[in-house]
Amino acid sequence: MRALRLVLRVFALVVLLLFSAIGPFIAPYSPTDAQPLKQNSPPDSEHLLGRDGLGRDTWSRLLWGAQGTLGSAALATLIATLGGVALGSVAGAFGGIVDQVVVHTLDMLLAIPGLLLALLILSLMGDGLLQVSLSIGLSLMPAASRLVRATVLDVRSRGYVESAYALGGDTWWVVRHHILRNSIAAITSYASIILAWSILNVAAFDFLGLSGDLSIPGWGRMLNDARSYIHVSPMAFLAPGFAIVISVLSITELSFEWQKHWWKLGQ
Amino acid sequence: MIQFVARRLAGSIIATIAALTFVFVAIHIAPGDPVEAALSQSLAPRAVIENRRRALGLDDPLWLQYVHYVVNMSQGNLGVSWANDQPVSLVVGSQLASTGILASAGALVALSIGVGLGILSCEGPLRHLAQSVATLLLTTPAIFLGTILIWVFADLLDWLPATGQQTPGHWILPVLVVGLSAGGAVAKAVETGVSEVRRQPFMRTARAKGLSRGQVTWVHGLRVGLLPAIELVMLQFGYLLGGTVITETIFARQGVGRVLVIAILSKDLPVVQAVVLLSILTYSFLNLLADVLRGWLDPRIRIEFP
């Protein structure tokens, strides 16, 4: 039973990755091809998920949206994680005044609610999908840095790190060869949770109409577009909604499995 | 305890000043002129824009603007909205009640649903069901949850209104969306908290004293296990405020969240600053409250801060 659930989640993740990689190539119709006479037509053999309020093929838009939504979330995660690793490892490994400055700056940023911080950063850069990724990535960086710092502090107190220092290894060498290498498992698990968060945030920003470019349909915008036609074609909002839920669910659950596995290894 | 509270208070004040400085610097180094952004729709002539810049003090050097800003803030003067010349305290204040009630009611719903689900997830026959529901709540975005609720309750069943805020019925769906989307995280926190407490030695002592398994779990376990949940709700109140931004948009409600989104898009600096100040003050206050509550629920912490 548990194995089956695990297989299902891995399968879902692979399918999603595939969609975001080659979605636009396998989409049967154009995501922007509006057919005014065929608005809200129900699913049939040619249009698997029917058409939306402007007569566009929902399945094709879903495939295109995978790239916009999951791609920007992945970029945001990359920014948050790399920034977090840089700040967190510097603060954790050097300690002292460097650590104090970094920690207090992070705490100050953490006092501003994440979504508000992201909105603030976005307002400084103007809207667009790339800006959405950047602002969400930056807004998640303080939390990521604190998590990485905690892990680095934990690893740093272990015997082999102390002995590496005692043998005369300089700080950066020890950070790269011992501390970061042994923090990788923990950092991967944070990164996957950050990815799940980013997907939710990217979808929300897209929903609010902050992602600019209308030519790439994101799942959030699809949801927003479909709200006006909720009574005639529920499929147009159910499809992107479930796409978001399945992505976030499979990533979160796999991350929990990974965490359990990694803890078992640690003990 | 007083010393502890005083130290925390000083920390909060420094954090607030630092965050406001950050907001000030961030907005002022951003490209684009706020006055032009605010007046661009009105097609005002060049001279009008220049006059307006001078009237608002935007021609002053940055450090002078910062001094004015700090002095005004410390006197409780939040300034005037650049978009419509109304006092910021009025623009934000008039929306405070609506959003405050939405967020607080949402927090209550999140706490009750979260604690309920969290307890059910720990043991008993409904364990797996409760865990699955909590995971589903955690992974369903508010934008989707809100749309589903509108579809089912306003459209298919026609029990509740979908948008607006005139009657008490208008509150039910928005509060549910805010509460349910935060409830999943609370449930997970309670589950983790209680299951971690179970392994503590004092639980074994309680059993050895002759208390039943149930008594130990519910009296001792839950009391300490609730801590992470309370902390989460307190510290994530900002997240709830973020949730109200989305919820207010879905249900077409007035509120601080809407005001903030509009102010950010039109670079209405004084309004943005006021909302950020508000949320940081709320955060600091709740943070303090969470610490006190924690000491009350968990005697071990009281000893650390006598």
# chains A, B, ... in the order shown; residues from 1 in each chain; ligands from 1
>>> residues_around(residues="Leu226 in chain B", least_positions_apart="6", cutoff="12 Å", atoms="only C-alpha atoms", output="ChimeraX atom specification")
/B:111-112,114-116,118-119,186-197,217-220,232-233,290,293-294,296-298
>>> interface_residues(of="chain A", to="chain B", cutoff="6 Å", atoms="only C-alpha atoms", output="list in words")
Met108, Ala111, Pro113, Leu115, Ser123, Leu124, Leu200, Gly241, Val245, Val248 and Leu249 of chain A
>>> write_last_selection(atoms="C-alpha atoms", output="CSV table (one decimal), in the first residue's frame")
chain,number,residue,atom,x,y,z
A,108,MET,CA,14.1,41.7,10.4
A,111,ALA,CA,9.1,40.0,10.5
A,113,PRO,CA,5.0,38.4,6.1
A,115,LEU,CA,3.6,37.3,0.7
A,123,SER,CA,6.3,46.3,-7.0
A,124,LEU,CA,9.9,47.5,-7.2
A,200,LEU,CA,1.5,27.9,-4.4
A,241,GLY,CA,-6.7,23.6,-9.7
A,245,VAL,CA,-2.8,20.4,-6.0
A,248,VAL,CA,2.3,20.4,-4.5
A,249,LEU,CA,1.0,17.1,-3.0
>>> atom_distance(atom1="CA of Arg198 in chain B", atom2="CA of Ser250 in chain A")
28.8 Å
>>> residues_around(residues="Ala144 in chain A", least_positions_apart="5", cutoff="7 Å", atoms="only C-alpha atoms", output="PyMOL selection string")
chain A and resi 80-81+84
>>> closest_residue(among="B:Leu126, B:Met73, B:Pro270, B:Ala110", to="Ala229 in chain B", atoms="only C-alpha atoms")
B:Ala110
>>> residues_around(residues="Leu8 in chain A", least_positions_apart="5", cutoff="12 Å", atoms="only C-alpha atoms", output="JSON list (two decimals) with N, CA and C atoms, in the first residue's frame")
[["chain", "number", "residue", "atom", "x", "y", "z"],
["A", 1, "MET", "N", 0.84, -1.20, 0.00],
["A", 1, "MET", "CA", 0.00, 0.00, 0.00],
["A", 1, "MET", "C", 0.87, 1.25, 0.00],
["A", 2, "ARG", "N", 1.87, 1.25, 0.92],
["A", 2, "ARG", "CA", 2.74, 2.42, 0.98],
["A", 2, "ARG", "C", 3.60, 2.51, -0.27],
["A", 3, "ALA", "N", 4.03, 1.33, -0.73],
["A", 3, "ALA", "CA", 4.85, 1.30, -1.95],
["A", 3, "ALA", "C", 4.05, 1.84, -3.13],
["A", 13, "LEU", "N", 5.09, 13.01, -10.39],
["A", 13, "LEU", "CA", 6.17, 13.97, -10.52],
["A", 13, "LEU", "C", 6.83, 13.87, -11.89],
["A", 14, "VAL", "N", 7.05, 12.63, -12.35],
["A", 14, "VAL", "CA", 7.68, 12.43, -13.66],
["A", 14, "VAL", "C", 6.79, 13.00, -14.76],
["A", 15, "VAL", "N", 5.47, 12.72, -14.66],
["A", 15, "VAL", "CA", 4.55, 13.23, -15.66],
["A", 15, "VAL", "C", 4.58, 14.76, -15.68],
["A", 246, "ILE", "N", -2.03, 18.47, -7.32],
["A", 246, "ILE", "CA", -1.26, 17.25, -7.55],
["A", 246, "ILE", "C", 0.24, 17.56, -7.51],
["A", 249, "LEU", "N", 1.15, 18.31, -3.84],
["A", 249, "LEU", "CA", 0.99, 17.11, -3.03],
["A", 249, "LEU", "C", 2.12, 16.12, -3.28],
["A", 250, "SER", "N", 2.43, 15.85, -4.56],
["A", 250, "SER", "CA", 3.45, 14.83, -4.82],
["A", 250, "SER", "C", 4.82, 15.31, -4.33],
["A", 251, "ILE", "N", 5.10, 16.60, -4.48],
["A", 251, "ILE", "CA", 6.39, 17.11, -4.02],
["A", 251, "ILE", "C", 6.49, 17.05, -2.50],
["A", 253, "GLU", "N", 4.81, 15.14, -0.32],
["A", 253, "GLU", "CA", 4.85, 13.78, 0.21],
["A", 253, "GLU", "C", 6.20, 13.11, -0.06],
["A", 254, "LEU", "N", 6.72, 13.33, -1.27],
["A", 254, "LEU", "CA", 8.04, 12.74, -1.57],
["A", 254, "LEU", "C", 9.11, 13.34, -0.67]]
>>> closest_residue(among="A:Leu119, A:Phe19, A:Ser139, A:Arg51", to="Val232 in chain A", atoms="only C-alpha atoms")
A:Arg51
>>> atom_distance(atom1="CA of Tyr160 in chain A", atom2="CA of His178 in chain A")
8.1 Å
>>> residues_around(residues="Leu96 in chain B", least_positions_apart="4", cutoff="7 Å", atoms="only C-alpha atoms", output="PDB file with C-alpha atoms, in the first residue's frame")
ATOM      1  CA  VAL B  92      -6.105  51.922   5.996  1.00  0.00           C
ATOM      2  CA  GLY B 100      -9.133  42.138  11.248  1.00  0.00           C
ATOM      3  CA  GLY B 255     -10.052  45.259   3.063  1.00  0.00           C
ATOM      4  CA  VAL B 256      -6.464  46.006   3.930  1.00  0.00           C
TER       5      VAL B 256
END
>>> select_by_dssp(residues="range 161-217 of chain B", states="alpha helix (DSSP H)", output="PyMOL selection string")
chain B and resi 169-197+201-208+213-215
>>> atom_distance(atom1="CA of Ile113 in chain B", atom2="CA of Leu176 in chain B")
10.3 Å
>>> residues_around(residues="Leu70 in chain A", least_positions_apart="3", cutoff="7 Å", atoms="only C-alpha atoms", output="mmCIF file with N, CA and C atoms, in the first residue's frame")
data_model
loop_
_atom_site.group_PDB
_atom_site.id
_atom_site.type_symbol
_atom_site.label_atom_id
_atom_site.label_comp_id
_atom_site.auth_asym_id
_atom_site.auth_seq_id
_atom_site.Cartn_x
_atom_site.Cartn_y
_atom_site.Cartn_z
ATOM 1 N N SER A 20 6.123 19.877 -18.212
ATOM 2 C CA SER A 20 6.723 21.207 -18.254
ATOM 3 C C SER A 20 7.882 21.249 -19.234
ATOM 4 N N ALA A 66 1.938 24.362 -17.513
ATOM 5 C CA ALA A 66 2.892 23.606 -16.694
ATOM 6 C C ALA A 66 4.248 24.288 -16.742
ATOM 7 N N GLN A 67 4.641 24.699 -17.951
ATOM 8 C CA GLN A 67 5.944 25.327 -18.103
ATOM 9 C C GLN A 67 6.013 26.657 -17.349
ATOM 10 N N ALA A 73 8.287 28.458 -10.593
ATOM 11 C CA ALA A 73 8.454 27.988 -9.208
ATOM 12 C C ALA A 73 9.844 27.380 -9.024
ATOM 13 N N ALA A 74 10.306 26.642 -10.033
ATOM 14 C CA ALA A 74 11.636 26.034 -9.940
ATOM 15 C C ALA A 74 12.709 27.113 -9.874
ATOM 16 N N ILE A 199 5.324 26.998 -5.803
ATOM 17 C CA ILE A 199 4.238 26.716 -6.745
ATOM 18 C C ILE A 199 2.971 27.413 -6.279
#
>>> closest_residue(among="A:Ala21, A:Ile193, A:Leu54, A:Leu49", to="Tyr229 in chain A", atoms="only C-alpha atoms")
A:Leu54
>>> residues_around(residues="Gly79 in chain B", least_positions_apart="2", cutoff="10 Å", atoms="only C-alpha atoms", output="list of chain:residue names")
B:Leu56, B:Tyr69, B:Asn72, B:Met73, B:Gly76, B:Asn77, B:Ser81, B:Trp82, B:Asp85, B:Gln86, B:Pro87, B:Val88, B:Ser89, B:Leu269, B:Pro270, B:Val271, B:Gln273, B:Ala274
